[in-house]
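Participant: Take a look at this one; I'll ask things after.
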Amino acid sequence: MADEAKIKANGVLLPTPSDISVEIQDLDGDSVRPIATGVLRRNRIRSNMLKVTLTWNLKTFVDVISILNAVTPTEFNVELYIPDHGIRGTKKMYAGNKKYNYIRTKTGLKVQSFSFALIEV
(Lines give C-alpha, C1' and ligand atoms only; values in the text may rest on other atoms or scores of the structure.)
Protein backbone atom coordinates (compact mmCIF):
# COMPACT_ATOMS: atom_id res chain seq x y z
CA MET A 1 0.00 0.00 0.00
CA ALA A 2 2.90 2.38 0.62
CA ASP A 3 3.71 2.54 -3.09
CA GLU A 4 0.03 3.09 -3.90
CA ALA A 5 -0.07 6.13 -1.62
CA LYS A 6 3.02 7.74 -3.22
CA ILE A 7 1.82 10.55 -5.49
CA LYS A 8 3.98 13.02 -7.40
CA ALA A 9 2.22 16.06 -8.86
CA ASN A 10 4.16 18.29 -11.23
CA GLY A 11 7.39 16.60 -10.08
CA VAL A 12 6.68 17.24 -6.37
CA LEU A 13 6.18 14.31 -4.00
CA LEU A 14 3.01 15.09 -2.06
CA PRO A 15 2.76 14.30 1.66
CA THR A 16 1.07 10.93 2.20
CA PRO A 17 -2.70 11.52 2.25
CA SER A 18 -4.82 10.35 5.16
CA ASP A 19 -7.39 9.02 2.70
CA ILE A 20 -7.39 8.20 -1.02
CA SER A 21 -10.57 7.52 -2.99
CA VAL A 22 -10.34 6.41 -6.63
CA GLU A 23 -13.14 6.56 -9.19
CA ILE A 24 -12.88 5.26 -12.74
CA GLN A 25 -15.30 7.31 -14.81
CA ASP A 26 -16.73 7.59 -18.29
CA LEU A 27 -17.12 10.91 -20.07
CA ASP A 28 -20.43 11.34 -21.85
CA GLY A 29 -21.41 13.76 -24.59
CA ASP A 30 -24.98 14.76 -25.24
CA SER A 31 -27.21 11.72 -24.90
CA VAL A 32 -30.64 11.37 -26.47
CA ARG A 33 -33.86 9.85 -25.19
CA PRO A 34 -36.32 9.41 -28.07
CA ILE A 35 -39.88 10.10 -26.97
CA ALA A 36 -41.19 7.03 -28.81
CA THR A 37 -39.07 4.50 -26.88
CA GLY A 38 -38.02 6.42 -23.77
CA VAL A 39 -34.71 4.54 -23.85
CA LEU A 40 -31.62 6.62 -23.20
CA ARG A 41 -29.00 6.34 -25.93
CA ARG A 42 -25.72 7.02 -24.24
CA ASN A 43 -23.02 8.92 -26.10
CA ARG A 44 -19.82 7.82 -24.36
CA ILE A 45 -16.88 9.93 -25.57
CA ARG A 46 -14.18 8.40 -23.37
CA SER A 47 -13.97 5.65 -20.76
CA ASN A 48 -11.74 4.71 -17.82
CA MET A 49 -10.79 8.24 -16.75
CA LEU A 50 -9.26 8.51 -13.28
CA LYS A 51 -10.57 10.74 -10.53
CA VAL A 52 -8.48 10.46 -7.38
CA THR A 53 -9.75 12.29 -4.30
CA LEU A 54 -7.06 13.01 -1.72
CA THR A 55 -7.69 14.04 1.89
CA TRP A 56 -5.16 15.14 4.49
CA ASN A 57 -5.92 15.42 8.20
CA LEU A 58 -3.96 18.54 9.06
CA LYS A 59 -1.73 19.29 11.98
CA THR A 60 -0.05 22.30 10.35
CA PHE A 61 -1.04 24.54 7.48
CA VAL A 62 2.47 24.35 5.97
CA ASP A 63 1.63 21.08 4.19
CA VAL A 64 -1.32 22.73 2.41
CA ILE A 65 0.89 25.47 0.94
CA SER A 66 3.33 22.97 -0.58
CA ILE A 67 0.46 20.87 -1.97
CA LEU A 68 -1.27 23.91 -3.49
CA ASN A 69 1.97 25.07 -5.12
CA ALA A 70 2.32 21.68 -6.83
CA VAL A 71 -1.25 21.58 -8.17
CA THR A 72 -1.71 25.23 -9.18
CA PRO A 73 -1.05 24.90 -12.94
CA THR A 74 -4.02 24.35 -15.26
CA GLU A 75 -2.84 20.82 -15.96
CA PHE A 76 0.22 18.82 -14.95
CA ASN A 77 1.66 15.30 -14.91
CA VAL A 78 0.87 13.09 -11.94
CA GLU A 79 2.79 9.93 -11.14
CA LEU A 80 0.55 7.57 -9.22
CA TYR A 81 -0.74 4.02 -8.86
CA ILE A 82 -3.28 3.22 -11.60
CA PRO A 83 -5.60 0.60 -10.07
CA ASP A 84 -7.31 -0.64 -13.23
CA HIS A 85 -3.87 -1.46 -14.71
CA GLY A 86 -2.23 -2.56 -11.44
CA ILE A 87 0.88 -0.43 -12.09
CA ARG A 88 2.38 2.96 -11.36
CA GLY A 89 2.21 5.38 -14.25
CA THR A 90 1.89 8.99 -15.30
CA LYS A 91 -1.37 10.73 -16.23
CA LYS A 92 -2.05 14.32 -17.30
CA MET A 93 -4.45 15.71 -14.69
CA TYR A 94 -5.83 18.86 -13.13
CA ALA A 95 -6.85 19.69 -9.58
CA GLY A 96 -10.58 20.05 -8.91
CA ASN A 97 -12.16 22.25 -6.26
CA LYS A 98 -10.29 22.44 -2.98
CA LYS A 99 -12.15 21.82 0.27
CA TYR A 100 -11.27 22.70 3.86
CA ASN A 101 -13.14 21.22 6.83
CA TYR A 102 -13.08 23.22 10.05
CA ILE A 103 -13.86 22.23 13.63
CA ARG A 104 -14.74 24.46 16.54
CA THR A 105 -12.22 24.54 19.38
CA LYS A 106 -12.09 26.47 22.65
CA THR A 107 -10.05 29.16 20.92
CA GLY A 108 -12.11 29.37 17.70
CA LEU A 109 -12.13 27.49 14.40
CA LYS A 110 -9.32 25.18 13.33
CA VAL A 111 -8.74 23.51 9.97
CA GLN A 112 -9.22 19.78 10.45
CA SER A 113 -8.73 18.48 6.91
CA PHE A 114 -8.00 19.52 3.35
CA SER A 115 -9.06 17.68 0.21
CA PHE A 116 -9.34 17.91 -3.57
CA ALA A 117 -9.60 15.60 -6.56
CA LEU A 118 -7.02 14.97 -9.24
CA ILE A 119 -8.99 14.51 -12.45
CA GLU A 120 -7.57 13.02 -15.63
CA VAL A 121 -7.51 15.33 -18.64
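All residue names refer to the C-alpha coordinates as shown: chains lettered A, B, ... in order, residues numbered from 1 in each chain, ligands numbered from 1 in order.
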Which neighbours of A:Ser113 fall inside 8 Å, counting only C-alpha atoms, when residues of the same chain fewer than 3 positions from it are skipped, and could you give them as an MDAnalysis selection string?

Facilitator: chainID A and resid 55:58 100:102

Participant: Could you list, as a VMD selection string, every residue within 6 Å of A:Tyr81, counting only C-alpha atoms and ignoring same-chain residues fewer than 4 positions away?

Facilitator: chain A and resid 4 87 to 88

Participant: Go ahead and save the residues from that selection, with N, CA, C and O atoms, as a short mmCIF file (atom, residue, chain, number, x, y, z; two decimals), in the first residue's frame.

Facilitator:
data_model
loop_
_atom_site.label_atom_id
_atom_site.label_comp_id
_atom_site.auth_asym_id
_atom_site.auth_seq_id
_atom_site.Cartn_x
_atom_site.Cartn_y
_atom_site.Cartn_z
N GLU A 4 1.29 2.59 -3.36
CA GLU A 4 0.03 3.09 -3.90
C GLU A 4 -0.29 4.48 -3.39
O GLU A 4 -0.97 5.25 -4.04
N ILE A 87 -0.50 -0.93 -11.98
CA ILE A 87 0.88 -0.43 -12.09
C ILE A 87 0.94 1.04 -11.69
O ILE A 87 -0.08 1.71 -11.58
N ARG A 88 2.16 1.52 -11.50
CA ARG A 88 2.38 2.96 -11.36
C ARG A 88 2.56 3.53 -12.75
O ARG A 88 3.14 2.89 -13.62
#

Participant: Using only C-alpha atoms, find the one residue out of A:Thr53, A:Thr37, A:Ser115, A:Asn69 that sits nearest to A:Asn10.

Facilitator: A:Asn69

Participant: Between A:Leu54, A:Ala9, A:Val64, A:Leu14, single out the one closest to A:Tyr94, counting only C-alpha atoms.

Facilitator: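 Ranked by minimum distance to A:Tyr94, first place goes to A:Ala9.
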
Participant: Running DSSP on the backbone, which parts of stretch 20-75 of chain A land in alpha helix (DSSP H), as a list in words?

Facilitator: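 So the alpha helix (DSSP H) residues in stretch 20-75 of chain A would be Val62, Asp63, Val64, Ile65, Ser66, Ile67, Leu68, Asn69 and Ala70 of chain A.
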
Participant: So how many Å separate atom CA of A:Asn48 and atom CA of A:Ser66, to one decimal?

Facilitator: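 Separation between atom CA of A:Asn48 and atom CA of A:Ser66: 29.3 Å.
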
Participant: What does the distance from atom CA of A:Gly11 to atom CA of A:Phe116 come to in Å, to one decimal?

Facilitator: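 Distance between the two atoms: 18.0 Å.
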
Participant: Can you tell me, as a ChimeraX atom specification, which residues in chain A count as strand (DSSP E or B) by DSSP?

Facilitator: /A:8-9,12-13,19-28,32,41,44-57,76-82,87-95,99-105,108-120

Participant: Might you pull out every residue within 8 Å of A:Lys8, with only C-alpha atoms counted and same-chain residues fewer than 4 positions away left off, and present them as a list in words?

Facilitator: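 The filter keeps Val12, Leu13, Leu14, Val78, Glu79 and Leu80 of chain A.
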
Participant: Restricted to all heavy atoms, what would the selected residues look like written as a PDB file, in the first residue's frame?

Facilitator:
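Wrote it out as again-v3.pdb, contents follow:
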ATOM      1  N   VAL A  12       6.568  17.060  -7.817  1.00  0.00           N
ATOM      2  CA  VAL A  12       6.679  17.243  -6.371  1.00  0.00           C
ATOM      3  C   VAL A  12       6.011  16.066  -5.659  1.00  0.00           C
ATOM      4  O   VAL A  12       4.839  15.765  -5.905  1.00  0.00           O
ATOM      5  CB  VAL A  12       5.998  18.562  -5.926  1.00  0.00           C
ATOM      6  CG1 VAL A  12       6.027  18.699  -4.420  1.00  0.00           C
ATOM      7  CG2 VAL A  12       6.650  19.747  -6.604  1.00  0.00           C
ATOM      8  N   LEU A  13       6.757  15.393  -4.787  1.00  0.00           N
ATOM      9  CA  LEU A  13       6.185  14.305  -3.999  1.00  0.00           C
ATOM     10  C   LEU A  13       5.264  14.904  -2.937  1.00  0.00           C
ATOM     11  O   LEU A  13       5.700  15.694  -2.095  1.00  0.00           O
ATOM     12  CB  LEU A  13       7.288  13.486  -3.342  1.00  0.00           C
ATOM     13  CG  LEU A  13       6.835  12.304  -2.499  1.00  0.00           C
ATOM     14  CD1 LEU A  13       6.075  11.282  -3.352  1.00  0.00           C
ATOM     15  CD2 LEU A  13       8.025  11.654  -1.813  1.00  0.00           C
ATOM     16  N   LEU A  14       3.975  14.563  -3.018  1.00  0.00           N
ATOM     17  CA  LEU A  14       3.005  15.094  -2.057  1.00  0.00           C
ATOM     18  C   LEU A  14       3.116  14.348  -0.733  1.00  0.00           C
ATOM     19  O   LEU A  14       3.460  13.160  -0.717  1.00  0.00           O
ATOM     20  CB  LEU A  14       1.585  14.944  -2.605  1.00  0.00           C
ATOM     21  CG  LEU A  14       1.284  15.646  -3.933  1.00  0.00           C
ATOM     22  CD1 LEU A  14      -0.176  15.414  -4.333  1.00  0.00           C
ATOM     23  CD2 LEU A  14       1.571  17.130  -3.853  1.00  0.00           C
ATOM     24  N   VAL A  78       0.954  13.699 -13.263  1.00  0.00           N
ATOM     25  CA  VAL A  78       0.869  13.088 -11.940  1.00  0.00           C
ATOM     26  C   VAL A  78       1.351  11.650 -12.058  1.00  0.00           C
ATOM     27  O   VAL A  78       0.867  10.896 -12.895  1.00  0.00           O
ATOM     28  CB  VAL A  78      -0.584  13.117 -11.399  1.00  0.00           C
ATOM     29  CG1 VAL A  78      -0.658  12.406 -10.056  1.00  0.00           C
ATOM     30  CG2 VAL A  78      -1.085  14.543 -11.282  1.00  0.00           C
ATOM     31  N   GLU A  79       2.313  11.303 -11.225  1.00  0.00           N
ATOM     32  CA  GLU A  79       2.785   9.928 -11.143  1.00  0.00           C
ATOM     33  C   GLU A  79       2.070   9.277  -9.971  1.00  0.00           C
ATOM     34  O   GLU A  79       2.151   9.763  -8.843  1.00  0.00           O
ATOM     35  CB  GLU A  79       4.298   9.900 -10.937  1.00  0.00           C
ATOM     36  CG  GLU A  79       4.876   8.502 -10.879  1.00  0.00           C
ATOM     37  CD  GLU A  79       6.341   8.495 -10.520  1.00  0.00           C
ATOM     38  OE1 GLU A  79       7.095   9.277 -11.119  1.00  0.00           O
ATOM     39  OE2 GLU A  79       6.707   7.714  -9.625  1.00  0.00           O
ATOM     40  N   LEU A  80       1.354   8.199 -10.243  1.00  0.00           N
ATOM     41  CA  LEU A  80       0.548   7.566  -9.217  1.00  0.00           C
ATOM     42  C   LEU A  80       0.271   6.110  -9.570  1.00  0.00           C
ATOM     43  O   LEU A  80       0.578   5.652 -10.670  1.00  0.00           O
ATOM     44  CB  LEU A  80      -0.772   8.311  -9.019  1.00  0.00           C
ATOM     45  CG  LEU A  80      -1.840   8.211 -10.109  1.00  0.00           C
ATOM     46  CD1 LEU A  80      -3.153   8.740  -9.581  1.00  0.00           C
ATOM     47  CD2 LEU A  80      -1.475   8.954 -11.360  1.00  0.00           C
TER      48      LEU A  80
END

Participant: Can you tell me which residues surround A:Asp28 at a distance of at most 7 Å, considering only C-alpha atoms, apart from same-chain residues fewer than 5 positions away, and format the answer as a list in words?

Facilitator: Asn43, Arg44 and Ile45 of chain A

Participant: What's the separation between atom CA of A:Glu120 and atom CA of A:Leu50, in Å to one decimal place?

Facilitator: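 Interatomic distance, atom CA of A:Glu120 to atom CA of A:Leu50: 5.4 Å.
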
Participant: Name the closest residue to A:Thr60 among the candidates A:Val111, A:Ala36, A:Ala5, A:Leu118; distances are taken between atoms, counting only C-alpha atoms.

Facilitator: A:Val111
